[in-house]
Amino acid sequence: MLIMAAVPIIDQAYNLPFMQSDGAVTALDSTYTLWTFLLVWPLIGLTIVAFGWIEDIAAKRSPRLWPNGAETKAKRGASRGSHRV
């Protein structure tokens with residue numbers, strides 16, 4: 001789906017003022033696959049961040065860009081001690 005999203009974004013490059021010459025259009029046409037490949041990776045990164053943020057909100061946690069697990073380990077240690085006999 002991200003490849004399909006990259007195609008209309010790259011197609012907007014044809015509307016740029018410096019892309020009106022035949023040489024520029026030919027250059028973009030010949031490297032279209034490369035531009036698609038290069039654009040898909042940032043789109044994948046944005047998708048991962050967006051879904052992680054949505055997952056944090058759904059789990060009623062504060063959204064974090066890089067979860068380190070420190071809070072989870074502290075909660076696990078406290079709950080383990082209370083369940084021991």
# chains A, B, ... in the order shown; residues from 1 in each chain; ligands from 1
call {"tool": "select_by_dssp", "arguments": {"residues": "chain A", "states": "helix (DSSP H, G or I)", "output": "number ranges by chain"}}
result
A: 2-15, 17-19, 22-30, 32-58, 70-83
call {"tool": "write_last_selection", "arguments": {"atoms": "C-alpha atoms", "output": "PDB file, in the first residue's frame"}}
result
ATOM      1  CA  LEU A   2       2.914   2.336   0.643  1.00  0.00           C
ATOM      2  CA  ILE A   3       4.203   1.755  -2.892  1.00  0.00           C
ATOM      3  CA  MET A   4       0.791   2.756  -4.175  1.00  0.00           C
ATOM      4  CA  ALA A   5       0.967   5.871  -1.962  1.00  0.00           C
ATOM      5  CA  ALA A   6       4.442   6.746  -3.281  1.00  0.00           C
ATOM      6  CA  VAL A   7       3.351   6.845  -6.928  1.00  0.00           C
ATOM      7  CA  PRO A   8       1.012   9.891  -6.646  1.00  0.00           C
ATOM      8  CA  ILE A   9       3.620  11.704  -4.542  1.00  0.00           C
ATOM      9  CA  ILE A  10       6.282  11.184  -7.210  1.00  0.00           C
ATOM     10  CA  ASP A  11       3.811  12.126  -9.942  1.00  0.00           C
ATOM     11  CA  GLN A  12       3.558  15.576  -8.339  1.00  0.00           C
ATOM     12  CA  ALA A  13       7.211  16.136  -9.312  1.00  0.00           C
ATOM     13  CA  TYR A  14       6.083  16.545 -12.933  1.00  0.00           C
ATOM     14  CA  ASN A  15       4.218  19.708 -11.876  1.00  0.00           C
ATOM     15  CA  PRO A  17       8.444  24.475 -12.588  1.00  0.00           C
ATOM     16  CA  PHE A  18      11.928  23.121 -13.371  1.00  0.00           C
ATOM     17  CA  MET A  19      10.470  19.821 -14.625  1.00  0.00           C
ATOM     18  CA  ASP A  22      11.935  17.331 -21.986  1.00  0.00           C
ATOM     19  CA  GLY A  23      15.326  16.454 -20.486  1.00  0.00           C
ATOM     20  CA  ALA A  24      14.022  16.740 -16.925  1.00  0.00           C
ATOM     21  CA  VAL A  25      10.964  14.621 -17.704  1.00  0.00           C
ATOM     22  CA  THR A  26      13.168  11.987 -19.354  1.00  0.00           C
ATOM     23  CA  ALA A  27      15.471  11.945 -16.302  1.00  0.00           C
ATOM     24  CA  LEU A  28      12.519  11.459 -13.952  1.00  0.00           C
ATOM     25  CA  ASP A  29      11.038   8.778 -16.197  1.00  0.00           C
ATOM     26  CA  SER A  30      14.287   6.821 -16.283  1.00  0.00           C
ATOM     27  CA  TYR A  32      11.106   6.531 -11.471  1.00  0.00           C
ATOM     28  CA  THR A  33      11.703   3.128  -9.848  1.00  0.00           C
ATOM     29  CA  LEU A  34      14.624   4.489  -7.857  1.00  0.00           C
ATOM     30  CA  TRP A  35      12.563   7.429  -6.580  1.00  0.00           C
ATOM     31  CA  THR A  36       9.776   5.042  -5.610  1.00  0.00           C
ATOM     32  CA  PHE A  37      12.240   2.885  -3.665  1.00  0.00           C
ATOM     33  CA  LEU A  38      13.732   5.909  -1.894  1.00  0.00           C
ATOM     34  CA  LEU A  39      10.321   7.319  -0.981  1.00  0.00           C
ATOM     35  CA  VAL A  40       8.868   4.064   0.357  1.00  0.00           C
ATOM     36  CA  TRP A  41      11.410   3.797   3.216  1.00  0.00           C
ATOM     37  CA  PRO A  42      10.476   7.092   4.917  1.00  0.00           C
ATOM     38  CA  LEU A  43       6.821   6.188   4.428  1.00  0.00           C
ATOM     39  CA  ILE A  44       7.466   2.868   6.207  1.00  0.00           C
ATOM     40  CA  GLY A  45       9.138   4.734   9.072  1.00  0.00           C
ATOM     41  CA  LEU A  46       6.227   7.153   9.399  1.00  0.00           C
ATOM     42  CA  THR A  47       3.774   4.258   9.372  1.00  0.00           C
ATOM     43  CA  ILE A  48       5.650   2.457  12.159  1.00  0.00           C
ATOM     44  CA  VAL A  49       5.703   5.604  14.280  1.00  0.00           C
ATOM     45  CA  ALA A  50       2.008   6.289  13.631  1.00  0.00           C
ATOM     46  CA  PHE A  51       0.873   2.757  14.465  1.00  0.00           C
ATOM     47  CA  GLY A  52       3.088   2.692  17.563  1.00  0.00           C
ATOM     48  CA  TRP A  53       1.526   5.945  18.713  1.00  0.00           C
ATOM     49  CA  ILE A  54      -1.975   4.577  18.124  1.00  0.00           C
ATOM     50  CA  GLU A  55      -1.066   1.401  19.994  1.00  0.00           C
ATOM     51  CA  ASP A  56       0.218   3.408  22.971  1.00  0.00           C
ATOM     52  CA  ILE A  57      -2.967   5.468  23.076  1.00  0.00           C
ATOM     53  CA  ALA A  58      -5.117   2.321  22.871  1.00  0.00           C
ATOM     54  CA  ALA A  70      12.036   0.847  32.462  1.00  0.00           C
ATOM     55  CA  GLU A  71       8.535   1.610  33.666  1.00  0.00           C
ATOM     56  CA  THR A  72       7.308  -1.883  32.785  1.00  0.00           C
ATOM     57  CA  LYS A  73      10.158  -3.608  34.625  1.00  0.00           C
ATOM     58  CA  ALA A  74       9.522  -1.536  37.753  1.00  0.00           C
ATOM     59  CA  LYS A  75       5.837  -2.422  37.727  1.00  0.00           C
ATOM     60  CA  ARG A  76       6.606  -6.124  37.202  1.00  0.00           C
ATOM     61  CA  GLY A  77       9.025  -6.187  40.123  1.00  0.00           C
ATOM     62  CA  ALA A  78       6.493  -4.562  42.435  1.00  0.00           C
ATOM     63  CA  SER A  79       3.705  -6.906  41.394  1.00  0.00           C
ATOM     64  CA  ARG A  80       5.833 -10.026  41.758  1.00  0.00           C
ATOM     65  CA  GLY A  81       6.614  -9.256  45.372  1.00  0.00           C
ATOM     66  CA  SER A  82       2.959  -8.813  46.286  1.00  0.00           C
ATOM     67  CA  HIS A  83       1.929 -12.206  44.866  1.00  0.00           C
TER      68      HIS A  83
END
